[in-house]
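What follows is final.pdb (PDB, C-alpha atoms).
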```
ATOM      1  CA  ASP A   8      10.706 -90.972 -52.015  1.00  0.00           C
ATOM      2  CA  GLY A   9      12.606 -89.967 -48.887  1.00  0.00           C
ATOM      3  CA  MET A  10      13.291 -93.559 -47.844  1.00  0.00           C
ATOM      4  CA  GLY A  11      16.659 -95.273 -47.346  1.00  0.00           C
ATOM      5  CA  GLU A  12      17.965 -98.779 -46.716  1.00  0.00           C
ATOM      6  CA  LEU A  13      20.630 -99.858 -44.193  1.00  0.00           C
ATOM      7  CA  LEU A  14      22.177-103.338 -44.482  1.00  0.00           C
ATOM      8  CA  ILE A  15      24.397-104.825 -41.764  1.00  0.00           C
ATOM      9  CA  LEU A  16      26.639-107.776 -42.604  1.00  0.00           C
ATOM     10  CA  GLY A  17      28.253-109.512 -39.638  1.00  0.00           C
ATOM     11  CA  SER A  18      28.833-112.851 -37.948  1.00  0.00           C
ATOM     12  CA  ALA A  19      25.780-115.097 -37.852  1.00  0.00           C
ATOM     13  CA  ASP A  20      25.566-115.254 -34.050  1.00  0.00           C
ATOM     14  CA  ARG A  21      25.665-111.467 -33.577  1.00  0.00           C
ATOM     15  CA  THR A  22      23.278-110.636 -36.403  1.00  0.00           C
ATOM     16  CA  MET A  23      20.820-113.291 -35.194  1.00  0.00           C
ATOM     17  CA  ALA A  24      21.011-111.993 -31.635  1.00  0.00           C
ATOM     18  CA  ALA A  25      20.449-108.428 -32.905  1.00  0.00           C
ATOM     19  CA  PHE A  26      17.443-109.525 -34.955  1.00  0.00           C
ATOM     20  CA  GLN A  27      15.937-111.365 -31.991  1.00  0.00           C
ATOM     21  CA  LEU A  28      16.281-108.241 -29.840  1.00  0.00           C
ATOM     22  CA  ILE A  29      14.643-106.071 -32.511  1.00  0.00           C
ATOM     23  CA  ASP A  30      11.903-108.647 -33.109  1.00  0.00           C
ATOM     24  CA  ARG A  31      11.116-109.056 -29.409  1.00  0.00           C
ATOM     25  CA  CYS A  32      10.776-105.283 -28.923  1.00  0.00           C
ATOM     26  CA  ALA A  33       8.656-104.970 -32.071  1.00  0.00           C
ATOM     27  CA  ARG A  34       6.285-107.739 -30.987  1.00  0.00           C
ATOM     28  CA  GLN A  35       5.812-106.084 -27.589  1.00  0.00           C
ATOM     29  CA  ILE A  36       4.851-102.851 -29.352  1.00  0.00           C
ATOM     30  CA  LYS A  37       2.526-104.757 -31.682  1.00  0.00           C
ATOM     31  CA  ARG A  38       0.796-106.484 -28.759  1.00  0.00           C
ATOM     32  CA  ALA A  39       0.291-103.073 -27.135  1.00  0.00           C
ATOM     33  CA  GLY A  40      -2.000-102.127 -30.031  1.00  0.00           C
ATOM     34  CA  ASP A  41       0.219-100.672 -32.761  1.00  0.00           C
ATOM     35  CA  ASP A  42      -1.581-101.161 -36.093  1.00  0.00           C
ATOM     36  CA  ARG A  43       1.534-101.076 -38.303  1.00  0.00           C
ATOM     37  CA  THR A  44       2.989-104.233 -39.808  1.00  0.00           C
ATOM     38  CA  LEU A  45       5.625-106.089 -37.822  1.00  0.00           C
ATOM     39  CA  ALA A  46       8.240-105.239 -40.469  1.00  0.00           C
ATOM     40  CA  GLN A  47       7.481-101.513 -40.169  1.00  0.00           C
ATOM     41  CA  ILE A  48       7.765-101.649 -36.386  1.00  0.00           C
ATOM     42  CA  ARG A  49      11.044-103.590 -36.591  1.00  0.00           C
ATOM     43  CA  ALA A  50      12.532-100.881 -38.827  1.00  0.00           C
ATOM     44  CA  ASP A  51      11.655 -98.133 -36.334  1.00  0.00           C
ATOM     45  CA  VAL A  52      12.887-100.209 -33.379  1.00  0.00           C
ATOM     46  CA  ALA A  53      16.246-100.812 -35.091  1.00  0.00           C
ATOM     47  CA  LEU A  54      16.744 -97.107 -35.779  1.00  0.00           C
ATOM     48  CA  ASP A  55      15.671 -96.158 -32.232  1.00  0.00           C
ATOM     49  CA  LEU A  56      18.204 -98.624 -30.803  1.00  0.00           C
ATOM     50  CA  LEU A  57      20.961 -97.076 -32.923  1.00  0.00           C
ATOM     51  CA  LEU A  58      20.067 -93.389 -32.652  1.00  0.00           C
ATOM     52  CA  GLY A  59      17.917 -93.168 -29.537  1.00  0.00           C
ATOM     53  CA  LYS A  60      14.289 -92.091 -29.474  1.00  0.00           C
ATOM     54  CA  ASP A  61      13.830 -88.936 -31.598  1.00  0.00           C
ATOM     55  CA  ASN A  62      17.539 -89.194 -32.530  1.00  0.00           C
ATOM     56  CA  CYS A  63      18.533 -88.124 -28.986  1.00  0.00           C
ATOM     57  CA  ARG A  64      21.670 -90.297 -29.121  1.00  0.00           C
ATOM     58  CA  ARG A  65      22.830 -88.890 -32.435  1.00  0.00           C
ATOM     59  CA  LYS A  66      26.104 -86.918 -32.310  1.00  0.00           C
ATOM     60  CA  VAL A  67      26.840 -87.012 -36.041  1.00  0.00           C
ATOM     61  CA  VAL A  68      25.724 -84.229 -38.381  1.00  0.00           C
ATOM     62  CA  VAL A  69      23.363 -84.770 -41.315  1.00  0.00           C
ATOM     63  CA  TYR A  70      22.940 -81.740 -43.584  1.00  0.00           C
ATOM     64  CA  LEU A  71      19.608 -80.861 -45.158  1.00  0.00           C
ATOM     65  CA  THR A  72      19.623 -77.793 -47.412  1.00  0.00           C
ATOM     66  CA  VAL A  73      16.202 -76.217 -47.836  1.00  0.00           C
ATOM     67  CA  PRO A  74      15.054 -72.708 -48.850  1.00  0.00           C
ATOM     68  CA  ALA A  75      13.504 -70.581 -46.110  1.00  0.00           C
ATOM     69  CA  THR A  76      10.416 -70.150 -48.303  1.00  0.00           C
ATOM     70  CA  VAL A  77       9.798 -73.917 -48.069  1.00  0.00           C
ATOM     71  CA  LEU A  78       9.920 -73.903 -44.264  1.00  0.00           C
ATOM     72  CA  ALA A  79       7.546 -70.931 -44.266  1.00  0.00           C
ATOM     73  CA  GLY A  80       5.113 -72.867 -46.465  1.00  0.00           C
ATOM     74  CA  LEU A  81       5.432 -70.378 -49.340  1.00  0.00           C
ATOM     75  CA  SER A  82       6.844 -72.839 -51.871  1.00  0.00           C
ATOM     76  CA  ASP A  83       7.142 -76.588 -52.447  1.00  0.00           C
ATOM     77  CA  GLN A  84      10.650 -76.610 -53.885  1.00  0.00           C
ATOM     78  CA  PRO A  85      12.474 -79.833 -52.887  1.00  0.00           C
ATOM     79  CA  GLY A  86      15.360 -79.738 -50.430  1.00  0.00           C
ATOM     80  CA  GLU A  87      18.643 -81.607 -50.672  1.00  0.00           C
ATOM     81  CA  LEU A  88      19.805 -84.199 -48.115  1.00  0.00           C
ATOM     82  CA  ASN A  89      23.593 -84.344 -48.266  1.00  0.00           C
ATOM     83  CA  GLY A  90      24.771 -87.763 -49.464  1.00  0.00           C
ATOM     84  CA  TYR A  91      21.258 -88.864 -50.405  1.00  0.00           C
ATOM     85  CA  GLY A  92      19.581 -86.499 -52.870  1.00  0.00           C
ATOM     86  CA  PRO A  93      16.344 -84.479 -53.111  1.00  0.00           C
ATOM     87  CA  LEU A  94      13.608 -84.614 -50.460  1.00  0.00           C
ATOM     88  CA  THR A  95      10.058 -83.349 -50.891  1.00  0.00           C
ATOM     89  CA  ALA A  96       9.127 -80.017 -49.351  1.00  0.00           C
ATOM     90  CA  GLN A  97       6.795 -81.781 -46.899  1.00  0.00           C
ATOM     91  CA  ALA A  98       9.577 -84.127 -45.743  1.00  0.00           C
ATOM     92  CA  CYS A  99      11.873 -81.119 -45.266  1.00  0.00           C
ATOM     93  CA  ARG A 100       9.265 -79.329 -43.146  1.00  0.00           C
ATOM     94  CA  GLU A 101       8.742 -82.424 -40.995  1.00  0.00           C
ATOM     95  CA  LEU A 102      12.494 -82.813 -40.417  1.00  0.00           C
ATOM     96  CA  ALA A 103      12.913 -79.129 -39.601  1.00  0.00           C
ATOM     97  CA  ASP A 104      10.145 -79.382 -36.998  1.00  0.00           C
ATOM     98  CA  GLN A 105      11.967 -82.136 -35.106  1.00  0.00           C
ATOM     99  CA  HIS A 106      14.853 -81.716 -32.638  1.00  0.00           C
ATOM    100  CA  SER A 107      17.110 -80.319 -35.324  1.00  0.00           C
ATOM    101  CA  THR A 108      19.490 -77.391 -35.572  1.00  0.00           C
ATOM    102  CA  TRP A 109      19.238 -74.586 -38.103  1.00  0.00           C
ATOM    103  CA  GLN A 110      22.106 -72.638 -39.646  1.00  0.00           C
ATOM    104  CA  ARG A 111      21.765 -69.717 -42.027  1.00  0.00           C
ATOM    105  CA  VAL A 112      23.450 -70.144 -45.426  1.00  0.00           C
ATOM    106  CA  LEU A 113      23.242 -67.256 -47.907  1.00  0.00           C
ATOM    107  CA  THR A 114      23.371 -68.298 -51.584  1.00  0.00           C
ATOM    108  CA  ASP A 115      23.304 -66.489 -54.907  1.00  0.00           C
ATOM    109  CA  PRO A 116      19.688 -66.531 -56.184  1.00  0.00           C
ATOM    110  CA  ILE A 117      20.852 -67.201 -59.755  1.00  0.00           C
ATOM    111  CA  ASP A 118      23.465 -69.973 -59.586  1.00  0.00           C
ATOM    112  CA  HIS A 119      22.996 -70.958 -55.879  1.00  0.00           C
ATOM    113  CA  THR A 120      26.698 -70.389 -55.104  1.00  0.00           C
ATOM    114  CA  VAL A 121      27.242 -70.213 -51.326  1.00  0.00           C
ATOM    115  CA  LEU A 122      28.072 -66.603 -50.410  1.00  0.00           C
ATOM    116  CA  ASN A 123      28.046 -66.733 -46.614  1.00  0.00           C
ATOM    117  CA  VAL A 124      27.651 -69.353 -43.878  1.00  0.00           C
ATOM    118  CA  GLY A 125      26.383 -68.120 -40.531  1.00  0.00           C
ATOM    119  CA  ARG A 126      28.411 -69.095 -37.485  1.00  0.00           C
ATOM    120  CA  LYS A 127      25.422 -69.221 -35.169  1.00  0.00           C
ATOM    121  CA  ARG A 128      23.309 -72.366 -34.749  1.00  0.00           C
ATOM    122  CA  TYR A 129      19.599 -72.081 -34.007  1.00  0.00           C
ATOM    123  CA  PRO A 130      17.452 -74.801 -32.404  1.00  0.00           C
ATOM    124  CA  SER A 131      14.385 -75.827 -34.350  1.00  0.00           C
ATOM    125  CA  ALA A 132      11.003 -74.606 -33.136  1.00  0.00           C
ATOM    126  CA  ALA A 133      10.267 -78.063 -31.683  1.00  0.00           C
ATOM    127  CA  LEU A 134      13.561 -78.243 -29.784  1.00  0.00           C
ATOM    128  CA  ALA A 135      13.196 -74.682 -28.461  1.00  0.00           C
ATOM    129  CA  GLU A 136       9.663 -75.433 -27.275  1.00  0.00           C
ATOM    130  CA  HIS A 137      10.841 -78.650 -25.585  1.00  0.00           C
ATOM    131  CA  VAL A 138      13.512 -76.733 -23.610  1.00  0.00           C
ATOM    132  CA  ARG A 139      11.064 -73.929 -22.777  1.00  0.00           C
ATOM    133  CA  VAL A 140       8.468 -76.344 -21.392  1.00  0.00           C
ATOM    134  CA  ARG A 141      11.111 -78.365 -19.541  1.00  0.00           C
ATOM    135  CA  ASP A 142      12.732 -75.404 -17.787  1.00  0.00           C
ATOM    136  CA  LYS A 143       9.510 -73.452 -17.020  1.00  0.00           C
ATOM    137  CA  THR A 144      11.472 -70.469 -15.585  1.00  0.00           C
ATOM    138  CA  CYS A 145      14.875 -68.841 -15.860  1.00  0.00           C
ATOM    139  CA  ARG A 146      17.392 -71.426 -14.665  1.00  0.00           C
ATOM    140  CA  PHE A 147      19.458 -68.993 -12.591  1.00  0.00           C
ATOM    141  CA  HIS A 148      19.389 -69.617  -8.838  1.00  0.00           C
ATOM    142  CA  GLY A 149      16.452 -67.775  -7.265  1.00  0.00           C
ATOM    143  CA  CYS A 150      15.072 -66.317 -10.525  1.00  0.00           C
ATOM    144  CA  HIS A 151      11.441 -67.101 -11.326  1.00  0.00           C
ATOM    145  CA  ARG A 152      10.933 -65.234 -14.587  1.00  0.00           C
ATOM    146  CA  PRO A 153       8.778 -67.418 -16.893  1.00  0.00           C
ATOM    147  CA  ALA A 154      10.660 -69.301 -19.594  1.00  0.00           C
ATOM    148  CA  ALA A 155       8.382 -67.714 -22.205  1.00  0.00           C
ATOM    149  CA  THR A 156      10.062 -64.354 -21.482  1.00  0.00           C
ATOM    150  CA  CYS A 157      13.608 -65.790 -21.398  1.00  0.00           C
ATOM    151  CA  GLU A 158      16.275 -66.392 -24.026  1.00  0.00           C
ATOM    152  CA  ILE A 159      17.478 -69.835 -25.066  1.00  0.00           C
ATOM    153  CA  ASP A 160      21.235 -70.252 -24.749  1.00  0.00           C
ATOM    154  CA  HIS A 161      23.968 -72.855 -25.209  1.00  0.00           C
ATOM    155  CA  THR A 162      25.411 -73.975 -21.867  1.00  0.00           C
ATOM    156  CA  LEU A 163      28.727 -74.720 -23.581  1.00  0.00           C
ATOM    157  CA  ALA A 164      29.157 -72.295 -26.470  1.00  0.00           C
ATOM    158  CA  TYR A 165      28.953 -73.785 -29.939  1.00  0.00           C
ATOM    159  CA  ASP A 166      32.360 -72.287 -30.802  1.00  0.00           C
ATOM    160  CA  ASP A 167      33.801 -74.244 -27.859  1.00  0.00           C
ATOM    161  CA  GLY A 168      32.357 -77.541 -29.068  1.00  0.00           C
ATOM    162  CA  GLY A 169      28.866 -77.342 -27.546  1.00  0.00           C
ATOM    163  CA  GLN A 170      26.004 -79.090 -29.367  1.00  0.00           C
ATOM    164  CA  THR A 171      22.592 -77.602 -30.137  1.00  0.00           C
ATOM    165  CA  CYS A 172      20.644 -80.259 -28.221  1.00  0.00           C
ATOM    166  CA  ASP A 173      18.461 -80.436 -25.130  1.00  0.00           C
ATOM    167  CA  ASP A 174      21.326 -81.280 -22.747  1.00  0.00           C
ATOM    168  CA  ASN A 175      23.249 -78.160 -23.821  1.00  0.00           C
ATOM    169  CA  LEU A 176      20.412 -75.617 -23.976  1.00  0.00           C
ATOM    170  CA  GLY A 177      18.683 -73.698 -21.222  1.00  0.00           C
ATOM    171  CA  MET A 178      16.378 -70.745 -20.623  1.00  0.00           C
ATOM    172  CA  PHE A 179      17.935 -67.634 -19.044  1.00  0.00           C
ATOM    173  CA  CYS A 180      16.359 -64.224 -18.601  1.00  0.00           C
ATOM    174  CA  LEU A 181      18.176 -61.282 -20.178  1.00  0.00           C
ATOM    175  CA  GLN A 182      19.862 -60.280 -16.906  1.00  0.00           C
ATOM    176  CA  HIS A 183      21.212 -63.735 -16.110  1.00  0.00           C
ATOM    177  CA  HIS A 184      22.077 -64.452 -19.727  1.00  0.00           C
ATOM    178  CA  HIS A 185      24.414 -61.470 -19.517  1.00  0.00           C
ATOM    179  CA  ALA A 186      25.687 -62.650 -16.112  1.00  0.00           C
ATOM    180  CA  LYS A 187      26.896 -65.816 -17.831  1.00  0.00           C
ATOM    181  CA  HIS A 188      28.575 -64.062 -20.739  1.00  0.00           C
ATOM    182  CA  ASP A 189      29.782 -60.772 -19.265  1.00  0.00           C
ATOM    183  CA  ASN A 190      29.998 -60.927 -15.459  1.00  0.00           C
ATOM    184  CA  GLY A 191      32.207 -63.930 -14.728  1.00  0.00           C
ATOM    185  CA  TRP A 192      29.524 -66.512 -13.878  1.00  0.00           C
ATOM    186  CA  THR A 193      29.865 -70.011 -15.318  1.00  0.00           C
ATOM    187  CA  VAL A 194      27.239 -72.743 -15.707  1.00  0.00           C
ATOM    188  CA  GLU A 195      27.289 -76.497 -16.287  1.00  0.00           C
ATOM    189  CA  GLN A 196      24.437 -78.828 -17.243  1.00  0.00           C
ATOM    190  CA  PRO A 197      25.354 -82.359 -16.094  1.00  0.00           C
ATOM    191  CA  THR A 198      21.950 -83.741 -17.147  1.00  0.00           C
ATOM    192  CA  PRO A 199      19.156 -82.135 -19.205  1.00  0.00           C
ATOM    193  CA  GLY A 200      17.523 -79.354 -17.180  1.00  0.00           C
ATOM    194  CA  HIS A 201      19.947 -79.622 -14.238  1.00  0.00           C
ATOM    195  CA  PHE A 202      22.175 -76.535 -13.939  1.00  0.00           C
ATOM    196  CA  ILE A 203      25.092 -75.802 -11.626  1.00  0.00           C
ATOM    197  CA  TRP A 204      26.134 -72.142 -11.465  1.00  0.00           C
ATOM    198  CA  THR A 205      29.489 -70.921 -10.143  1.00  0.00           C
ATOM    199  CA  SER A 206      29.900 -67.294  -9.088  1.00  0.00           C
ATOM    200  CA  PRO A 207      33.026 -65.207  -9.812  1.00  0.00           C
ATOM    201  CA  LEU A 208      34.019 -65.867  -6.170  1.00  0.00           C
ATOM    202  CA  GLY A 209      33.770 -69.643  -6.613  1.00  0.00           C
ATOM    203  CA  ARG A 210      30.491 -70.312  -4.802  1.00  0.00           C
ATOM    204  CA  THR A 211      28.229 -72.900  -6.476  1.00  0.00           C
ATOM    205  CA  TYR A 212      24.445 -72.926  -6.771  1.00  0.00           C
ATOM    206  CA  ASP A 213      22.694 -76.183  -7.683  1.00  0.00           C
ATOM    207  CA  MET A 214      19.499 -75.898  -9.768  1.00  0.00           C
ATOM    208  CA  PRO A 215      18.096 -79.439 -10.241  1.00  0.00           C
ATOM    209  CA  ALA A 216      15.561 -80.179 -12.937  1.00  0.00           C
ATOM    210  CA  ASP A 217      11.910 -80.080 -11.885  1.00  0.00           C
ATOM    211  CA  ASP A 218      11.712 -83.882 -11.776  1.00  0.00           C
ATOM    212  CA  GLU A 219      14.854 -84.201  -9.629  1.00  0.00           C
ATOM    213  CA  PRO A 220      14.783 -84.111  -5.804  1.00  0.00           C
ATOM    214  CA  PRO A 221      16.305 -80.958  -4.278  1.00  0.00           C
ATOM    215  CA  PRO A 222      19.908 -81.287  -3.000  1.00  0.00           C
ATOM    216  CA  PHE A 223      20.431 -81.793   0.723  1.00  0.00           C
TER     217      PHE A 223
END
```
What does the file become when written as structure tokens?
Amino acid sequence: DGMGELLILGSADRTMAAFQLIDRCARQIKRAGDDRTLAQIRADVALDLLLGKDNCRRKVVVYLTVPATVLAGLSDQPGELNGYGPLTAQACRELADQHSTWQRVLTDPIDHTVLNVGRKRYPSAALAEHVRVRDKTCRFHGCHRPAATCEIDHTLAYDDGGQTCDDNLGMFCLQHHHAKHDNGWTVEQPTPGHFIWTSPLGRTYDMPADDEPPPF
């Protein structure tokens, strides 16, 4: 049914303190008008405390294998959550629409043997849209090309250990995307949406996020 259970066994004082924290947060949400049961809210609060809201704190990898036809809405074949089992097509589509990362895996259509695993990681549509709306324009110093016309890129390349998440993705126009990869420029993203560029001559250009004050 796509549901799982997590049980934590620990010392009485720590587990009681953890429950009180979860319960207090859940009751605040309930008082604010949430119509779910208190137990349902507690479950979501506990997972948010562990993983962060929308799994933003998650650095582990959970694999969900699902045919492309399911994501396109052309079939309702179940997917497979590694270590858990089958998930309904609808659950797979909902997970794929969150801040997830996609990777192409080519399998034999007869026996489903894996033939090829793509090296490139692709942000989900929801994650790409989040970064596009956040950045608004190309994040190179002085460039104002709209983000809708730019390319999404890993700040730290995936092959170098970079994650496909909002604090390692940014929008760069074609020209400045190539400046990063081919012309000796480097870029860092200390916080989501805040970029610091360094030219081949060592000069730095600070591009704060839209909600950050400009540097003095």
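Take the candidates A:Leu176, A:Arg49, A:Gln196, A:Leu56 and check each one against Lys37 (chain A) using only C-alpha atoms; the shortest distance goes to A:Arg49.
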Kindly list the centre and edge lengths in Å, rounded to one decimal, for the axis-aligned box that covers all listed atoms of region 146-161 of chain A plus 4 Å on each of its six sides, as AutoDock Vina command-line options.
```
--center_x 16.2 --center_y -68.6 --center_z -16.2 --size_x 23.6 --size_y 16.5 --size_z 25.9
```
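Distances here use all atoms listed in the file; by that measure, the residue among A:Asp51, A:Asp217, A:Asp8, A:Glu195 closest to Leu94 (chain A) is A:Asp8.
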One number please: CA of Pro85 (chain A) to CA of Thr72 (chain A), in Å, one decimal. 9.2 Å
Pairwise distance, CA of Leu208 (chain A) with CA of Leu181 (chain A), equals 21.6 Å
Take the PyMOL selection byres ((chain A and resi 91) around 12), apply it to the structure above, and return the hits as a PyMOL selection string. chain A and resi 8-12+69-72+86-90+92-94
Go ahead and write the selection's residues with C-alpha atoms as a PDB file, keeping the file's coordinate frame.
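What follows is the written file again23.pdb:
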```pdb
ATOM      1  CA  ASP A   8      10.706 -90.972 -52.015  1.00  0.00           C
ATOM      2  CA  GLY A   9      12.606 -89.967 -48.887  1.00  0.00           C
ATOM      3  CA  MET A  10      13.291 -93.559 -47.844  1.00  0.00           C
ATOM      4  CA  GLY A  11      16.659 -95.273 -47.346  1.00  0.00           C
ATOM      5  CA  GLU A  12      17.965 -98.779 -46.716  1.00  0.00           C
ATOM      6  CA  VAL A  69      23.363 -84.770 -41.315  1.00  0.00           C
ATOM      7  CA  TYR A  70      22.940 -81.740 -43.584  1.00  0.00           C
ATOM      8  CA  LEU A  71      19.608 -80.861 -45.158  1.00  0.00           C
ATOM      9  CA  THR A  72      19.623 -77.793 -47.412  1.00  0.00           C
ATOM     10  CA  GLY A  86      15.360 -79.738 -50.430  1.00  0.00           C
ATOM     11  CA  GLU A  87      18.643 -81.607 -50.672  1.00  0.00           C
ATOM     12  CA  LEU A  88      19.805 -84.199 -48.115  1.00  0.00           C
ATOM     13  CA  ASN A  89      23.593 -84.344 -48.266  1.00  0.00           C
ATOM     14  CA  GLY A  90      24.771 -87.763 -49.464  1.00  0.00           C
ATOM     15  CA  GLY A  92      19.581 -86.499 -52.870  1.00  0.00           C
ATOM     16  CA  PRO A  93      16.344 -84.479 -53.111  1.00  0.00           C
ATOM     17  CA  LEU A  94      13.608 -84.614 -50.460  1.00  0.00           C
TER      18      LEU A  94
END
```
Tell me which protein, DNA and RNA residues are within 12 Å of Val140 (chain A), counting all atoms listed in the file, leaving out same-chain ones fewer than 3 positions away, and put them as a PyMOL selection string. chain A and resi 133-137+143-145+153-155+157+159+173+177-178+200+216-217
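Atom pair CA of Gly168 (chain A) / CA of Ala132 (chain A) has a distance of 21.9 Å (rounded to one decimal).
Among the candidates A:Thr22, A:Asp55, A:Leu14, A:Val138, the residue lying nearest to Thr171 (chain A) is A:Val138 (atoms considered: all atoms listed in the file).
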Identify which of the residues A:Leu57, A:Ala186, A:Leu45, A:Ala39 lies closest to Ala25 (chain A), counting only C-alpha atoms when measuring atom-to-atom distances. A:Leu57
Name every residue that the PyMOL selection byres ((chain A and resi 183) around 12) selects in this structure, writing the answer as a ChimeraX atom specification with chains first and numbers rising. /A:144-152,157-160,177-182,184-194,204,206
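Proximity of A:Ala96, A:Ala50, A:Leu58, A:Ile29 to Thr76 (chain A), computed with only C-alpha atoms, is greatest for A:Ala96.
Remark: for Gln27 (chain A), the closest of the candidate residues A:Leu78, A:Ala98, A:Ala53, A:Leu13 is A:Ala53 (distances computed over only C-alpha atoms).
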